[in-house]
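Colleague: Just one file: model.txt, with compact mmCIF, C-alpha atoms.
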# COMPACT_ATOMS: atom_id res chain seq x y z
CA MET A 55 124.02 211.04 195.28
CA LYS A 56 120.83 209.33 196.38
CA PHE A 57 119.66 208.73 199.94
CA TYR A 58 117.50 205.72 200.75
CA ARG A 59 117.76 205.76 204.56
CA SER A 60 118.59 208.34 207.20
CA LEU A 61 122.27 208.38 208.10
CA ASN A 62 123.52 208.40 211.66
CA PRO A 63 126.55 210.61 212.36
CA ILE A 64 129.55 208.90 210.75
CA LYS A 65 132.39 208.22 213.19
CA ALA A 66 134.40 205.87 210.93
CA ILE A 67 134.38 204.55 207.36
CA THR A 68 135.26 201.08 206.13
CA PHE A 69 136.10 200.42 202.49
CA ASP A 70 136.06 197.56 200.08
CA LEU A 71 139.17 197.70 197.86
CA ASP A 72 138.73 196.06 194.44
CA ASP A 73 136.39 197.89 192.07
CA THR A 74 135.56 200.40 194.77
CA LEU A 75 138.78 202.40 195.02
CA TYR A 76 140.08 201.46 191.55
CA ASP A 77 139.13 199.46 188.46
CA ASN A 78 140.27 195.92 189.19
CA ARG A 79 139.07 194.24 185.99
CA PRO A 80 142.15 194.78 183.78
CA VAL A 81 144.42 193.88 186.69
CA ILE A 82 142.70 190.55 187.24
CA ARG A 83 142.80 189.68 183.54
CA LYS A 84 146.52 190.42 183.27
CA THR A 85 147.30 188.69 186.56
CA ALA A 86 145.45 185.53 185.51
CA GLN A 87 147.30 185.43 182.17
CA GLU A 88 150.75 185.93 183.66
CA THR A 89 150.19 183.51 186.54
CA HIS A 90 148.92 180.77 184.25
CA ALA A 91 151.91 181.29 181.95
CA ALA A 92 154.23 180.94 184.96
CA LEU A 93 152.49 177.70 185.94
CA GLN A 94 152.79 176.27 182.43
CA ALA A 95 156.47 177.21 182.28
CA PHE A 96 157.25 175.64 185.66
CA HIS A 97 157.09 172.03 184.45
CA PRO A 98 157.10 170.51 180.93
CA ALA A 99 154.08 168.35 181.76
CA LEU A 100 152.01 171.52 182.21
CA ARG A 101 152.79 173.04 178.84
CA ASP A 102 149.28 172.26 177.58
CA PHE A 103 147.55 172.84 180.92
CA THR A 104 144.60 175.13 180.21
CA PRO A 105 142.75 177.69 182.33
CA ALA A 106 139.78 175.31 182.22
CA ASP A 107 141.98 172.55 183.68
CA TYR A 108 143.03 174.90 186.45
CA GLN A 109 139.43 175.90 187.16
CA GLN A 110 138.49 172.24 187.46
CA LEU A 111 141.14 171.78 190.14
CA ARG A 112 139.82 174.86 191.98
CA ASP A 113 136.28 173.50 191.85
CA GLU A 114 137.37 170.08 193.10
CA LEU A 115 139.31 171.61 195.98
CA LEU A 116 136.35 173.79 196.93
CA ALA A 117 134.04 170.78 196.91
CA ARG A 118 136.35 168.94 199.31
CA GLU A 119 137.12 171.94 201.52
CA PRO A 120 134.28 174.50 201.30
CA ASP A 121 135.86 176.82 203.87
CA ILE A 122 138.80 177.49 201.57
CA TYR A 123 136.47 179.90 199.76
CA HIS A 124 137.16 182.41 202.52
CA ASP A 125 140.89 182.66 201.70
CA VAL A 126 141.31 183.26 197.98
CA SER A 127 145.13 183.37 198.12
CA GLU A 128 145.39 180.02 199.85
CA TRP A 129 142.75 178.58 197.51
CA ARG A 130 144.84 179.64 194.53
CA ARG A 131 148.13 178.42 196.05
CA ARG A 132 146.66 175.02 196.90
CA SER A 133 145.18 174.68 193.40
CA VAL A 134 148.56 175.43 191.83
CA ALA A 135 150.20 172.88 194.15
CA LEU A 136 147.66 170.26 193.05
CA ALA A 137 148.46 170.97 189.40
CA LEU A 138 152.16 170.48 190.12
CA GLN A 139 151.56 167.26 192.05
CA ASN A 140 149.45 165.94 189.20
CA ALA A 141 152.40 166.71 186.91
CA GLY A 142 154.58 164.35 188.96
CA LEU A 143 156.18 166.54 191.63
CA SER A 144 156.34 165.43 195.24
CA ALA A 145 154.16 167.20 197.79
CA SER A 146 157.09 169.27 199.09
CA GLU A 147 158.26 170.13 195.58
CA ALA A 148 154.73 171.10 194.57
CA SER A 149 154.33 173.31 197.63
CA ALA A 150 157.62 175.11 196.92
CA GLY A 151 156.68 175.46 193.26
CA ALA A 152 153.29 176.88 194.16
CA ASP A 153 155.00 179.50 196.33
CA GLU A 154 157.16 180.47 193.37
CA VAL A 155 154.20 180.74 190.99
CA MET A 156 152.35 182.81 193.59
CA GLN A 157 155.19 185.33 193.58
CA THR A 158 154.26 186.03 189.96
CA PHE A 159 150.63 186.31 190.97
CA HIS A 160 151.25 188.82 193.76
CA HIS A 161 153.50 190.93 191.55
CA TRP A 162 150.89 191.42 188.85
CA ARG A 163 148.04 191.64 191.36
CA SER A 164 149.46 194.92 192.62
CA GLN A 165 149.98 196.58 189.21
CA VAL A 166 147.03 198.91 189.73
CA GLU A 167 146.62 202.36 188.23
CA MET A 168 145.38 204.15 191.33
CA PRO A 169 143.20 207.16 190.47
CA GLU A 170 144.36 210.46 191.92
CA GLU A 171 140.77 211.00 193.10
CA THR A 172 141.17 207.95 195.33
CA HIS A 173 144.31 209.35 196.94
CA GLN A 174 142.77 212.78 197.43
CA THR A 175 139.53 211.44 198.88
CA LEU A 176 141.14 208.92 201.24
CA ARG A 177 143.63 211.52 202.42
CA TRP A 178 140.85 214.03 203.15
CA LEU A 179 138.68 211.48 204.94
CA SER A 180 141.52 209.98 206.97
CA GLU A 181 142.24 213.39 208.47
CA ARG A 182 138.69 213.50 209.86
CA VAL A 183 137.64 209.95 210.76
CA PRO A 184 139.41 206.58 211.10
CA LEU A 185 139.37 204.41 207.96
CA VAL A 186 139.60 200.63 207.69
CA ALA A 187 139.87 198.47 204.56
CA ILE A 188 137.83 195.24 204.45
CA THR A 189 138.52 192.98 201.49
CA ASN A 190 137.65 189.50 200.28
CA GLY A 191 140.56 189.72 197.84
CA ASN A 192 144.33 189.66 198.02
CA ALA A 193 145.38 193.11 196.88
CA ASP A 194 148.25 194.49 198.97
CA ALA A 195 147.32 197.96 200.22
CA GLU A 196 150.97 198.80 200.86
CA LYS A 197 152.01 197.92 197.30
CA LEU A 198 149.00 199.87 196.04
CA GLY A 199 150.29 202.92 197.90
CA ILE A 200 147.15 203.43 199.99
CA ASN A 201 147.98 201.67 203.26
CA THR A 202 148.84 204.89 205.10
CA TYR A 203 145.22 206.06 204.89
CA PHE A 204 143.94 203.06 206.85
CA GLN A 205 144.24 202.25 210.52
CA CYS A 206 144.16 198.59 209.53
CA VAL A 207 143.45 196.32 206.57
CA LEU A 208 141.24 193.27 207.20
CA ARG A 209 141.46 190.39 204.75
CA ALA A 210 139.16 187.41 204.40
CA GLY A 211 140.89 184.27 205.58
CA PRO A 212 143.36 185.63 208.13
CA HIS A 213 140.75 187.94 209.68
CA GLY A 214 137.56 185.93 209.32
CA ARG A 215 135.10 184.66 206.80
CA ALA A 216 134.57 186.51 203.55
CA LYS A 217 131.91 189.19 203.20
CA PRO A 218 128.89 189.10 203.40
CA TRP A 219 129.65 187.12 206.57
CA GLN A 220 129.79 189.52 209.50
CA ASP A 221 133.20 188.53 210.89
CA MET A 222 135.32 191.34 209.45
CA TYR A 223 132.64 194.00 209.90
CA HIS A 224 132.38 193.18 213.58
CA LEU A 225 136.17 192.95 213.94
CA ALA A 226 136.53 196.43 212.44
CA ALA A 227 134.00 197.82 214.92
CA ARG A 228 135.82 196.16 217.83
CA GLN A 229 139.23 197.38 216.73
CA LEU A 230 137.92 200.92 216.23
CA ASN A 231 135.91 200.73 219.48
CA ILE A 232 133.04 202.34 217.59
CA ALA A 233 129.46 201.05 217.46
CA PRO A 234 128.59 199.45 214.09
CA GLU A 235 125.69 201.85 213.52
CA ALA A 236 128.16 204.76 213.56
CA ILE A 237 130.33 203.20 210.83
CA LEU A 238 129.70 203.67 207.11
CA HIS A 239 130.85 200.86 204.82
CA VAL A 240 131.57 201.79 201.20
CA GLY A 241 131.61 199.17 198.45
CA ASP A 242 130.56 198.31 194.91
CA ASP A 243 128.96 194.92 195.54
CA LEU A 244 125.31 194.86 196.54
CA THR A 245 125.61 191.46 198.20
CA THR A 246 128.99 191.40 199.93
CA ASP A 247 129.21 195.13 200.70
CA VAL A 248 125.69 196.52 200.99
CA ALA A 249 123.74 193.54 202.30
CA GLY A 250 126.74 192.29 204.29
CA ALA A 251 127.28 195.62 206.02
CA ARG A 252 123.58 196.16 206.70
CA ARG A 253 123.18 192.73 208.27
CA ALA A 254 126.23 193.40 210.44
CA GLY A 255 124.62 196.58 211.73
CA LEU A 256 126.72 199.05 209.76
CA GLN A 257 125.48 201.81 207.52
CA ALA A 258 126.06 201.10 203.83
CA CYS A 259 127.11 203.24 200.88
CA TRP A 260 126.85 201.71 197.41
CA ILE A 261 129.35 203.16 194.97
CA ASN A 262 127.63 202.73 191.62
CA LEU A 263 130.39 203.25 189.06
CA HIS A 264 128.66 201.55 186.13
CA HIS A 265 125.32 203.36 186.15
CA GLY A 266 123.31 200.40 187.41
CA ASN A 267 119.69 200.85 188.42
CA LEU A 268 119.22 199.72 192.00
CA MET A 269 115.54 199.00 191.42
CA GLN A 270 116.31 196.64 188.52
CA LEU A 271 119.34 194.70 189.77
CA SER A 272 118.63 191.16 190.94
CA ASP A 273 121.24 191.26 193.71
CA ALA A 274 119.75 194.35 195.40
CA ARG A 275 118.64 192.48 198.52
CA LEU A 276 118.81 195.36 200.98
CA LEU A 277 118.75 199.07 200.28
CA PRO A 278 121.91 200.99 201.11
CA HIS A 279 121.70 204.17 203.12
CA VAL A 280 123.20 206.16 200.28
CA GLU A 281 124.28 205.67 196.66
CA ILE A 282 127.17 207.58 195.07
CA HIS A 283 128.69 207.60 191.62
CA ARG A 284 132.18 208.83 192.46
CA LEU A 285 134.35 208.39 195.50
CA ALA A 286 134.85 212.10 196.13
CA SER A 287 131.15 212.43 196.95
CA LEU A 288 131.92 210.93 200.36
CA THR A 289 133.48 214.19 201.47
CA SER A 290 130.05 215.81 201.52
CA LEU A 291 128.83 213.30 204.14
CA LEU A 292 131.19 214.50 206.87
Can I see the file as structure tokens?
Modeller:
Amino acid sequence: MKFYRSLNPIKAITFDLDDTLYDNRPVIRKTAQETHAALQAFHPALRDFTPADYQQLRDELLAREPDIYHDVSEWRRRSVALALQNAGLSASEASAGADEVMQTFHHWRSQVEMPEETHQTLRWLSERVPLVAITNGNADAEKLGINTYFQCVLRAGPHGRAKPWQDMYHLAARQLNIAPEAILHVGDDLTTDVAGARRAGLQACWINLHHGNLMQLSDARLLPHVEIHRLASLTSLL
């Protein structure tokens, strides 16, 4: 554990989900493979539809509607619908088909191997201070088996713009009725989690799970208050 700034007393903790509480990389790879296979199988015209073709549709949609970036689930659903429309389906058929393909996505998206350390740490912390999850992604905390530790789960799109925008940080503070400077945000991303939390007035904890050097990383825009290398270290801060 390394301290870069003095910590105020911690009255609540907010958490990023993906790659902070569990390793999300294998989940995303498997989810992308299975979802693309479901899209290809949905219509014969998409049999040779490649991941690069899908990415092009995502990029085109983002260029037309930049704000869709803040809701990754809707961005994906709309991109799948576009692929189905391009294959010859009507708008209503494509929308229904996209919903079906997204069922495959959400199934695999929740196939996470949750570390026991995560359960133990969140359980211990939740008995002492309120916890809130703040995510840019679309993992389902209930399906992950961790929803009971959190007073609420805030998701980019339905609850505001994606981190590092301040929307969800400020919403968490309002819902907790706790001043931002008394909240510690924990996350793995130096831009969305550390810089985002700091600019929103929260304290920031960088969980450095891959032995990065803060002084050498190009995205280290603002120093966190504290750096940890395992989640259980948070118990020593309370």
Colleague: List the neighbours of Gly142 in chain A out to 12 Å using only C-alpha atoms; skip same-chain residues closer than 5 positions along the sequence, and give me the result as a PDB file with C-alpha atoms, in the coordinates of the input.
Modeller:
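In the end it all went to part16.pdb:
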ATOM      1  CA  HIS A  97     157.090 172.030 184.450  1.00  0.00           C
ATOM      2  CA  PRO A  98     157.100 170.510 180.930  1.00  0.00           C
ATOM      3  CA  ALA A  99     154.080 168.350 181.760  1.00  0.00           C
ATOM      4  CA  LEU A 100     152.010 171.520 182.210  1.00  0.00           C
ATOM      5  CA  ALA A 135     150.200 172.880 194.150  1.00  0.00           C
ATOM      6  CA  LEU A 136     147.660 170.260 193.050  1.00  0.00           C
ATOM      7  CA  ALA A 137     148.460 170.970 189.400  1.00  0.00           C
ATOM      8  CA  GLU A 147     158.260 170.130 195.580  1.00  0.00           C
ATOM      9  CA  ALA A 148     154.730 171.100 194.570  1.00  0.00           C
TER      10      ALA A 148
END
Colleague: Pick out the residues sitting within 6 Å of range 252-258 of chain A, and hand them over as a PyMOL selection string; count all atoms listed in the file, and ignore anything fewer than 3 positions along from it in its own chain.
Modeller: chain A and resi 220+234-235+237-239+248-249+278-279
Colleague: Name the residues in contact with Arg83 in chain A at a cut-off of 12 Å, using only C-alpha atoms, excluding same-chain residues fewer than 6 positions from it; report them as a ChimeraX atom specification.
Modeller: /A:77,89-90,159,162-163,165-166
Colleague: Give as a list in words each residue that has an atom at most 12 Å from (137.2, 173.4, 192.6) in the file, counting only C-alpha atoms.
Modeller: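 In the file's frame, the residues around the point are Ala106, Asp107, Tyr108, Gln109, Gln110, Leu111, Arg112, Asp113, Glu114, Leu115, Leu116, Ala117, Arg118, Glu119, Pro120, Asp121, Ile122, Tyr123, Val126, Trp129, Arg130, Arg132, Ser133, Val134, Leu136 and Ala137 of chain A.
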Colleague: What separation in Å, quoted to one decimal, exists between CA of Leu75 in chain A and CA of Gln229 in chain A?
Modeller: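 Atom-to-atom, CA of Leu75 in chain A and CA of Gln229 in chain A are spaced 22.3 Å apart.
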Colleague: Excluding same-chain residues fewer than 5 positions from Arg209 in chain A, what lies within 12 Å of it counting all atoms listed in the file, as a list in words?
Modeller: Phe69, Asp70, Leu71, His124, Asp125, Val126, Ser127, Val186, Ala187, Ile188, Thr189, Asn190, Gly191, Asn192, Ala193, Asp194, Ala195, Gly214, Arg215, Ala216, Lys217, Asp221, Met222, Tyr223, Leu225 and Ala226 of chain A
